[in-house]
$ cat final29.txt   # compact mmCIF, C-alpha atoms
# COMPACT_ATOMS: atom_id res chain seq x y z
CA MET A 1 168.16 269.02 107.19
CA THR A 2 167.26 267.42 103.85
CA SER A 3 164.56 264.78 103.45
CA GLN A 4 167.28 262.32 102.44
CA ASN A 5 168.94 262.86 105.82
CA VAL A 6 165.65 262.61 107.73
CA ARG A 7 164.50 259.27 106.34
CA ALA A 8 166.02 256.09 107.74
CA ARG A 9 167.82 253.97 105.16
CA ARG A 10 165.30 251.15 105.60
CA ILE A 11 162.54 253.35 104.12
CA ALA A 12 164.60 255.56 101.83
CA ASP A 13 163.30 253.99 98.61
CA ILE A 14 159.71 253.31 99.67
CA GLU A 15 157.31 255.52 97.72
CA PRO A 16 153.78 256.60 98.71
CA SER A 17 151.22 253.84 98.14
CA ILE A 18 149.54 253.79 94.72
CA PHE A 19 146.23 253.71 96.59
CA THR A 20 147.04 257.02 98.26
CA THR A 21 148.05 258.55 94.92
CA MET A 22 145.00 257.40 92.96
CA SER A 23 142.55 258.28 95.73
CA ARG A 24 144.02 261.80 95.87
CA LEU A 25 143.57 262.15 92.10
CA ALA A 26 140.01 260.82 92.39
CA VAL A 27 139.15 263.57 94.90
CA GLU A 28 140.87 266.27 92.85
CA HIS A 29 138.99 265.32 89.67
CA HIS A 30 135.65 264.39 91.28
CA ALA A 31 136.06 260.92 89.84
CA VAL A 32 134.11 257.73 90.34
CA ASN A 33 136.51 255.70 92.50
CA LEU A 34 136.86 252.09 91.35
CA GLY A 35 140.41 252.05 92.64
CA GLN A 36 140.96 251.63 96.38
CA GLY A 37 139.55 248.40 97.77
CA PHE A 38 136.81 249.28 100.21
CA PRO A 39 132.99 249.42 99.99
CA ASP A 40 131.38 252.80 99.45
CA PHE A 41 128.31 251.65 101.39
CA ALA A 42 127.64 250.84 105.04
CA GLY A 43 128.13 247.34 106.41
CA PRO A 44 125.38 245.25 107.99
CA SER A 45 123.14 247.31 110.27
CA TRP A 46 122.95 244.53 112.86
CA VAL A 47 126.74 244.64 113.30
CA ILE A 48 126.60 248.42 113.75
CA GLU A 49 123.91 247.97 116.41
CA GLU A 50 126.21 245.56 118.26
CA PHE A 51 128.93 248.23 118.21
CA ILE A 52 126.53 250.79 119.68
CA THR A 53 125.46 248.30 122.35
CA ALA A 54 129.12 247.71 123.26
CA LEU A 55 129.65 251.46 123.63
CA ARG A 56 126.64 251.79 125.90
CA LYS A 57 127.84 248.87 128.01
CA GLY A 58 131.05 250.79 128.67
CA HIS A 59 133.47 248.78 126.51
CA ASN A 60 135.57 251.88 125.85
CA GLN A 61 138.92 251.16 127.48
CA TYR A 62 141.93 249.14 126.36
CA ALA A 63 141.21 245.59 125.34
CA PRO A 64 143.69 242.88 126.33
CA MET A 65 146.83 242.97 124.21
CA SER A 66 145.91 239.71 122.43
CA GLY A 67 142.29 240.79 121.89
CA ILE A 68 139.12 240.18 123.89
CA ARG A 69 138.64 236.51 124.57
CA SER A 70 135.14 236.28 123.07
CA LEU A 71 136.49 237.43 119.70
CA ARG A 72 139.47 235.09 119.81
CA GLN A 73 137.11 232.25 120.72
CA ALA A 74 134.73 233.22 117.90
CA VAL A 75 137.66 232.95 115.45
CA ALA A 76 138.58 229.54 116.85
CA ASN A 77 134.95 228.42 116.68
CA TYR A 78 134.42 229.26 113.03
CA HIS A 79 137.71 227.64 112.04
CA LYS A 80 136.46 224.48 113.69
CA ARG A 81 132.97 224.71 112.13
CA PHE A 82 134.06 225.63 108.61
CA TYR A 83 137.49 224.02 108.24
CA ASP A 84 137.81 221.44 111.05
CA LEU A 85 140.91 223.27 112.32
CA GLU A 86 141.58 223.32 116.06
CA TRP A 87 143.13 226.51 117.50
CA ASP A 88 143.66 227.57 121.09
CA ALA A 89 142.02 230.96 121.62
CA ASP A 90 144.48 231.88 124.36
CA THR A 91 147.81 230.94 122.82
CA GLU A 92 147.28 230.80 119.03
CA ILE A 93 145.04 233.74 118.03
CA THR A 94 145.93 237.45 118.21
CA VAL A 95 143.65 240.36 117.31
CA THR A 96 145.45 243.07 115.34
CA ALA A 97 144.80 246.51 113.87
CA GLY A 98 143.55 245.08 110.62
CA ALA A 99 145.32 242.54 108.46
CA THR A 100 147.89 245.24 107.61
CA GLU A 101 149.27 245.31 111.14
CA SER A 102 149.10 241.54 111.31
CA LEU A 103 151.31 241.30 108.22
CA PHE A 104 153.72 243.91 109.55
CA SER A 105 154.04 242.40 113.03
CA SER A 106 154.44 238.89 111.63
CA MET A 107 157.17 239.83 109.18
CA ILE A 108 159.06 242.03 111.65
CA ALA A 109 158.88 239.21 114.22
CA LEU A 110 160.13 236.43 111.96
CA LEU A 111 162.46 237.84 109.29
CA ASN A 112 166.15 238.70 109.61
CA PRO A 113 168.09 241.08 107.34
CA GLY A 114 169.29 239.33 104.20
CA GLU A 115 166.78 236.49 104.34
CA GLU A 116 164.65 235.96 101.24
CA VAL A 117 160.87 235.97 101.02
CA ILE A 118 159.04 234.51 98.03
CA LEU A 119 156.14 236.67 96.84
CA PHE A 120 153.73 235.87 94.02
CA GLU A 121 153.38 238.83 91.71
CA PRO A 122 151.20 240.76 91.32
CA TRP A 123 151.49 241.16 95.09
CA TYR A 124 149.61 243.26 97.62
CA ASP A 125 151.90 246.23 98.11
CA SER A 126 152.51 245.88 101.86
CA TYR A 127 154.20 242.48 101.36
CA HIS A 128 157.00 244.02 99.34
CA ALA A 129 157.29 247.10 101.57
CA ASN A 130 157.38 245.03 104.77
CA CYS A 131 160.18 242.88 103.38
CA ARG A 132 162.26 245.95 102.70
CA ILE A 133 161.55 247.48 106.12
CA CYS A 134 162.70 244.20 107.70
CA GLY A 135 165.86 244.18 105.58
CA ALA A 136 164.67 240.98 103.94
CA VAL A 137 164.90 240.40 100.19
CA PRO A 138 161.68 239.89 98.19
CA VAL A 139 162.00 237.24 95.45
CA CYS A 140 159.07 237.37 93.06
CA VAL A 141 157.35 234.56 91.14
CA THR A 142 155.05 235.81 88.38
CA LEU A 143 151.47 234.61 88.01
CA HIS A 144 151.01 235.07 84.27
CA LYS A 145 147.75 236.13 82.66
CA PRO A 146 145.22 234.99 81.65
CA ASP A 147 145.16 232.10 84.18
CA PHE A 148 147.38 233.55 86.93
CA ARG A 149 148.34 230.04 88.05
CA ILE A 150 151.06 228.95 90.48
CA THR A 151 153.47 226.72 88.56
CA PRO A 152 155.83 224.27 90.29
CA ASP A 153 158.87 225.03 88.13
CA ALA A 154 158.71 228.79 88.64
CA LEU A 155 158.33 228.39 92.39
CA ALA A 156 161.16 225.86 92.63
CA ARG A 157 163.53 228.19 90.78
CA ALA A 158 162.88 230.96 93.31
CA VAL A 159 164.14 228.99 96.33
CA THR A 160 167.73 229.48 97.49
CA SER A 161 169.70 228.67 100.64
CA ARG A 162 168.65 232.10 101.98
CA THR A 163 164.88 231.58 101.59
CA ARG A 164 163.03 231.93 104.88
CA MET A 165 159.38 232.45 104.00
CA ILE A 166 156.67 232.26 101.33
CA VAL A 167 153.76 234.70 101.32
CA ILE A 168 150.58 233.53 99.64
CA ASN A 169 147.32 235.45 99.27
CA ASN A 170 144.24 233.30 98.64
CA PRO A 171 141.73 234.37 97.37
CA HIS A 172 144.18 236.54 95.51
CA ASN A 173 144.25 240.33 95.32
CA PRO A 174 144.49 241.70 92.64
CA THR A 175 143.83 238.84 90.17
CA GLY A 176 140.71 237.39 91.80
CA ARG A 177 142.11 233.84 91.62
CA VAL A 178 141.01 231.18 94.11
CA PHE A 179 143.93 228.77 94.05
CA THR A 180 143.22 225.09 93.60
CA ARG A 181 144.26 222.38 96.04
CA GLU A 182 146.89 221.32 93.51
CA GLU A 183 148.42 224.82 93.48
CA LEU A 184 148.38 225.04 97.26
CA GLN A 185 150.01 221.62 97.46
CA THR A 186 152.80 222.91 95.25
CA VAL A 187 153.51 225.65 97.80
CA ALA A 188 153.20 223.24 100.71
CA ASP A 189 155.65 220.79 99.13
CA VAL A 190 158.26 223.52 98.69
CA ALA A 191 157.73 224.80 102.25
CA THR A 192 158.18 221.31 103.66
CA ALA A 193 161.19 220.41 101.52
CA HIS A 194 163.05 223.60 102.48
CA ASP A 195 161.73 224.10 106.04
CA LEU A 196 160.07 227.44 105.24
CA LEU A 197 157.50 229.53 107.06
CA VAL A 198 154.35 230.53 105.20
CA ILE A 199 152.22 233.63 105.69
CA SER A 200 148.80 232.90 104.24
CA ASP A 201 146.77 236.08 103.75
CA GLU A 202 143.16 234.88 103.63
CA VAL A 203 141.26 238.14 104.17
CA TYR A 204 138.85 237.29 101.33
CA GLU A 205 138.26 233.74 102.59
CA PHE A 206 134.48 234.12 102.50
CA LEU A 207 134.25 236.03 99.22
CA VAL A 208 134.36 233.18 96.69
CA PHE A 209 131.97 232.70 93.79
CA ASP A 210 130.27 230.06 91.64
CA GLY A 211 130.19 227.38 94.32
CA ARG A 212 133.91 227.44 95.07
CA ARG A 213 135.17 226.63 98.56
CA HIS A 214 138.07 228.33 100.28
CA ILE A 215 140.90 226.01 101.32
CA PRO A 216 142.83 227.37 104.33
CA PHE A 217 146.54 226.82 103.81
CA ALA A 218 146.93 225.51 107.35
CA THR A 219 144.78 222.50 106.39
CA MET A 220 147.41 221.30 103.91
CA SER A 221 149.47 218.35 105.15
CA GLY A 222 152.23 219.47 107.52
CA MET A 223 151.36 223.16 107.25
CA ARG A 224 149.52 223.89 110.49
CA ASP A 225 152.59 224.62 112.59
CA ARG A 226 154.60 226.48 109.95
CA THR A 227 151.75 228.73 108.72
CA LEU A 228 150.58 232.11 109.97
CA THR A 229 147.02 232.65 108.76
CA ILE A 230 145.87 236.25 108.53
CA SER A 231 142.29 237.38 108.04
CA SER A 232 140.09 240.44 108.55
CA THR A 233 136.62 241.15 109.86
CA GLY A 234 136.80 244.38 107.88
CA LYS A 235 136.73 242.45 104.61
CA THR A 236 134.19 239.86 105.76
CA PHE A 237 131.67 242.39 107.06
CA GLY A 238 132.52 245.44 104.94
CA MET A 239 133.78 247.46 107.91
CA THR A 240 137.31 248.28 106.81
CA GLY A 241 137.45 251.43 108.94
CA TRP A 242 137.14 249.42 112.15
CA LYS A 243 140.58 247.87 111.51
CA ILE A 244 140.03 244.52 113.22
CA GLY A 245 142.11 241.66 111.86
CA TYR A 246 143.77 238.63 113.39
CA THR A 247 146.71 236.28 113.15
CA ILE A 248 146.33 232.54 113.74
CA ALA A 249 149.46 230.47 114.29
CA SER A 250 151.12 227.93 116.54
CA ALA A 251 151.88 229.07 120.10
CA GLU A 252 155.57 229.50 119.27
CA LEU A 253 154.90 231.68 116.22
CA THR A 254 152.13 233.56 118.04
CA ASP A 255 154.50 234.42 120.88
CA ALA A 256 156.89 236.00 118.37
CA VAL A 257 154.10 237.99 116.68
CA ARG A 258 152.76 239.24 120.01
CA THR A 259 156.23 240.46 120.98
CA VAL A 260 156.00 242.97 118.11
CA HIS A 261 152.24 243.57 118.30
CA GLN A 262 152.45 244.73 121.92
CA PHE A 263 154.71 247.61 120.90
CA ALA A 264 153.15 248.33 117.48
CA THR A 265 149.51 248.88 118.50
CA PHE A 266 149.19 246.96 121.80
CA ALA A 267 145.37 246.88 121.72
CA VAL A 268 142.67 247.25 119.09
CA ASN A 269 139.28 249.05 118.94
CA THR A 270 137.45 247.57 121.94
CA PRO A 271 133.74 248.09 121.07
CA GLY A 272 134.41 246.90 117.54
CA GLN A 273 135.91 243.68 118.88
CA HIS A 274 132.75 242.99 120.87
CA ALA A 275 130.61 243.61 117.79
CA MET A 276 132.76 241.39 115.59
CA ALA A 277 132.72 238.54 118.12
CA HIS A 278 128.95 238.51 117.72
CA ALA A 279 129.20 238.90 113.94
CA LEU A 280 131.50 235.88 113.54
CA ASP A 281 129.09 233.80 115.60
CA CYS A 282 126.42 234.62 112.99
CA LEU A 283 128.45 233.75 109.88
CA GLU A 284 126.17 230.96 108.67
CA GLU A 285 123.15 233.27 108.48
CA TYR A 286 125.14 236.07 106.87
CA LEU A 287 127.33 234.52 104.18
CA HIS A 288 124.71 233.58 101.59
CA GLU A 289 123.52 237.17 101.21
CA PHE A 290 127.09 238.49 101.38
CA ARG A 291 128.23 236.34 98.47
CA ALA A 292 125.06 236.95 96.48
CA VAL A 293 125.47 240.74 96.73
CA TYR A 294 129.09 240.69 95.57
CA SER A 295 128.47 238.08 92.88
CA GLY A 296 125.85 240.42 91.44
CA LYS A 297 128.28 243.34 91.51
CA ARG A 298 130.95 241.25 89.79
CA ASP A 299 128.48 240.32 87.06
CA LEU A 300 127.30 243.92 86.67
CA LEU A 301 130.86 245.13 86.10
CA SER A 302 131.98 242.29 83.82
CA GLU A 303 128.84 242.53 81.69
CA GLY A 304 129.11 246.30 81.54
CA LEU A 305 132.66 246.09 80.20
CA ARG A 306 131.70 243.80 77.29
CA ASP A 307 131.07 246.83 75.12
CA SER A 308 134.24 248.61 76.17
CA THR A 309 137.78 248.34 74.81
CA LEU A 310 138.90 246.62 78.03
CA THR A 311 139.03 242.83 78.36
CA ALA A 312 137.88 241.62 81.78
CA TYR A 313 139.27 238.56 83.60
CA ARG A 314 136.28 237.24 85.53
CA PRO A 315 137.37 236.82 89.16
CA GLU A 316 136.76 233.63 91.14
CA GLY A 317 136.90 235.49 94.46
CA THR A 318 137.65 238.87 96.14
CA TYR A 319 136.01 242.10 95.00
CA PHE A 320 138.66 242.94 92.41
CA MET A 321 138.75 242.49 88.66
CA MET A 322 141.76 242.66 86.37
CA VAL A 323 141.22 243.98 82.85
CA SER A 324 143.59 244.09 79.88
CA LEU A 325 144.21 247.31 78.01
CA PRO A 326 143.40 247.33 74.30
CA ALA A 327 146.27 246.04 72.16
CA ASP A 328 146.51 249.41 70.40
CA ALA A 329 146.42 251.49 73.61
CA GLY A 330 149.83 252.96 72.87
CA MET A 331 150.52 253.59 76.55
CA ASP A 332 151.21 251.67 79.74
CA ASP A 333 148.89 251.16 82.69
CA VAL A 334 150.12 254.18 84.67
CA GLU A 335 149.54 256.62 81.81
CA TYR A 336 146.22 254.98 80.94
CA ALA A 337 144.99 255.12 84.56
CA THR A 338 146.15 258.72 84.92
CA ARG A 339 144.28 259.75 81.79
CA LEU A 340 141.17 257.87 82.90
CA VAL A 341 141.00 259.78 86.17
CA THR A 342 141.90 263.19 84.73
CA GLU A 343 139.99 262.99 81.42
CA ARG A 344 137.18 260.48 82.01
CA GLY A 345 136.63 260.96 85.74
CA VAL A 346 137.06 257.36 86.82
CA ALA A 347 139.83 256.13 89.13
CA VAL A 348 141.37 252.65 88.81
CA ILE A 349 144.65 251.09 89.94
CA PRO A 350 147.60 250.58 87.57
CA PRO A 351 148.92 247.15 88.66
CA SER A 352 152.47 247.39 87.31
CA VAL A 353 153.43 248.69 90.76
CA PHE A 354 152.67 245.17 92.07
CA TYR A 355 155.28 243.54 89.83
CA SER A 356 159.07 243.34 89.98
CA ASN A 357 160.01 240.74 87.36
CA SER A 358 157.35 240.99 84.67
CA ARG A 359 156.04 243.83 82.54
CA GLU A 360 152.63 242.17 82.25
CA GLY A 361 151.21 244.55 84.82
CA ALA A 362 151.72 247.44 82.43
CA THR A 363 149.12 245.86 80.11
CA MET A 364 146.31 245.75 82.69
CA LEU A 365 144.25 247.71 85.20
CA ARG A 366 142.70 246.66 88.52
CA LEU A 367 139.09 247.61 89.24
CA CYS A 368 137.21 247.28 92.55
CA PHE A 369 133.52 246.36 92.44
CA ALA A 370 132.81 246.78 96.18
CA LYS A 371 130.66 249.77 95.25
CA THR A 372 126.99 250.61 95.04
CA ASP A 373 125.31 249.58 91.81
CA GLU A 374 124.84 253.27 91.04
CA THR A 375 128.58 253.87 91.39
CA LEU A 376 129.38 250.84 89.23
CA ARG A 377 126.98 251.90 86.46
CA GLU A 378 128.46 255.40 86.40
CA GLY A 379 131.98 253.98 86.34
CA ILE A 380 131.07 251.61 83.49
CA ALA A 381 129.61 254.48 81.47
CA ARG A 382 132.83 256.46 81.88
CA LEU A 383 134.96 253.45 80.91
CA GLN A 384 132.99 252.60 77.77
CA ASN A 385 135.13 254.57 75.35
CA GLY A 386 138.46 254.32 77.14
CA VAL A 387 140.80 257.27 76.65
$ encode --input "final29.txt" --output "structure tokens"
Amino acid sequence: MTSQNVRARRIADIEPSIFTTMSRLAVEHHAVNLGQGFPDFAGPSWVIEEFITALRKGHNQYAPMSGIRSLRQAVANYHKRFYDLEWDADTEITVTAGATESLFSSMIALLNPGEEVILFEPWYDSYHANCRICGAVPVCVTLHKPDFRITPDALARAVTSRTRMIVINNPHNPTGRVFTREELQTVADVATAHDLLVISDEVYEFLVFDGRRHIPFATMSGMRDRTLTISSTGKTFGMTGWKIGYTIASAELTDAVRTVHQFATFAVNTPGQHAMAHALDCLEEYLHEFRAVYSGKRDLLSEGLRDSTLTAYRPEGTYFMMVSLPADAGMDDVEYATRLVTERGVAVIPPSVFYSNSREGATMLRLCFAKTDETLREGIARLQNGV
């Protein structure tokens, strides 16, 4: 039986993730990995201690399908404290196996074959893949460098009679944009006018810099009951391996998501949920240091690249930085990134794989600065002379 016969048609054209490819090359070439988006250092020790305590208390069996109630309540509590949003912990919040499963379950639950989904490119790769697995059609709106702004005309042109959903990621991976209220209102106006659902991926909600404030999409006028908000304790506390995310939505939308979730993963890491319930209750004490650490890493990388041939776009949020290739590079992002990892020993992500309409991605690279300062300095040194 050939591989073409084995693979279902819905996944026939889906290639291995670029993150898998670049991480494999990084291992093969003993490279400094500034590619895949996760910290190379441990998260807060006090959260780890809570995990150990949960283990010792015997929290080792299946959690409830929707997540332990203390974690769901902790999510509801911080949304009230930070954003003045009211959510019912029992009927409107679901704990998932990371934001990745939340995205998958939400899109499988709500999209029909042939329906169109508006994505802003560059997009996070699972958005596009999930659309195709669902049989939905991704329709891409380009965020053009150097500003990467959402423009009303481009968004309006993307809407058709088949449009079902808009997916927005704010703060935005990979560009590092924190969208303004005006930009979010543009999306909200289109969603209202055309009766669309919105998935708002807000996993970097707490990682914003220079005094900016995150604006949850559900706070926009008329958006609460048509928005599915997705976030991740893994991103907030630097524990990506625990895979604890959550979906927040109206009871009707939540019921649909849970219908898929119960058969996708059913339940999520029980001791980790107990630890993260405590962690979310301590957000106020934690966030100042969290932002200060990552702001310093952003500055270290951007300053270090000043003497390189790469032009950095200073991010407003997330732990990613886009950089432009030199005008005389003579190669696209994939070739440049491949040569960096094989010849210079530093792994980055070529972002053209996150575009469908524009070739702008071929002129840039994405770097991750969620790394120790030692790792960043070594990566900067290897990037200084390009390839």
$ residues_around --input "final29.txt" --residues "A:Asn112" --least-positions-apart "2" --cutoff "8 Å" --atoms "all atoms listed in the file" --output "PyMOL selection string"
chain A and resi 110+114-115+134-136
$ atom_distance --input "final29.txt" --atom1 "atom CA of A:Arg9" --atom2 "atom CA of A:Gly361"
27.9 Å
$ residues_around --input "final29.txt" --residues "A:Ser161" --least-positions-apart "5" --cutoff "12 Å" --atoms "only C-alpha atoms" --output "number ranges by chain"
A: 114-117, 193-196
$ residues_around --input "final29.txt" --residues "stretch 67-71 of chain A" --least-positions-apart "2" --cutoff "7 Å" --atoms "all atoms listed in the file" --output "list in words"
Ala63, Pro64, Met65, Gln73, Ala74, Val75, Thr94, Val95, Ala267, Gln273, His274, Met276 and Ala277 of chain A
$ axis_aligned_box --input "final29.txt" --around "stretch 331-336 of chain A" --padding-each-side "3 Å" --output "AutoDock Vina command-line options"
--center_x 148.7 --center_y 253.9 --center_z 80.6 --size_x 11.0 --size_y 11.5 --size_z 14.1
$ closest_residue --input "final29.txt" --among "A:His30, A:Arg24, A:Lys243, A:Arg181" --to "A:Gly345" --atoms "only C-alpha atoms"
A:His30
$ atom_distance --input "final29.txt" --atom1 "atom CA of A:Ile93" --atom2 "atom CA of A:Ala129"
24.5 Å
$ atom_distance --input "final29.txt" --atom1 "atom CA of A:Pro16" --atom2 "atom CA of A:Cys131"
15.8 Å
$ closest_residue --input "final29.txt" --among "A:Ala251, A:Leu228, A:Ala256, A:Leu376" --to "A:Gly296" --atoms "all atoms listed in the file"
A:Leu376
$ closest_residue --input "final29.txt" --among "A:Asp328, A:Asp373, A:Asp333, A:Asp40" --to "A:Gly304" --atoms "all atoms listed in the file"
A:Asp373
$ residues_around --input "final29.txt" --residues "A:Asp307" --least-positions-apart "5" --cutoff "12 Å" --atoms "only C-alpha atoms" --output "list in words"
Leu301, Ser302, Ala312, Ile380, Ala381, Arg382, Leu383, Gln384, Asn385 and Gly386 of chain A
$ write_last_selection --input "final29.txt" --atoms "C-alpha atoms" --output "compact mmCIF listing (two decimals), keeping the file's coordinate frame"
# COMPACT_ATOMS: atom_id res chain seq x y z
CA LEU A 301 130.86 245.13 86.10
CA SER A 302 131.98 242.29 83.82
CA ALA A 312 137.88 241.62 81.78
CA ILE A 380 131.07 251.61 83.49
CA ALA A 381 129.61 254.48 81.47
CA ARG A 382 132.83 256.46 81.88
CA LEU A 383 134.96 253.45 80.91
CA GLN A 384 132.99 252.60 77.77
CA ASN A 385 135.13 254.57 75.35
CA GLY A 386 138.46 254.32 77.14
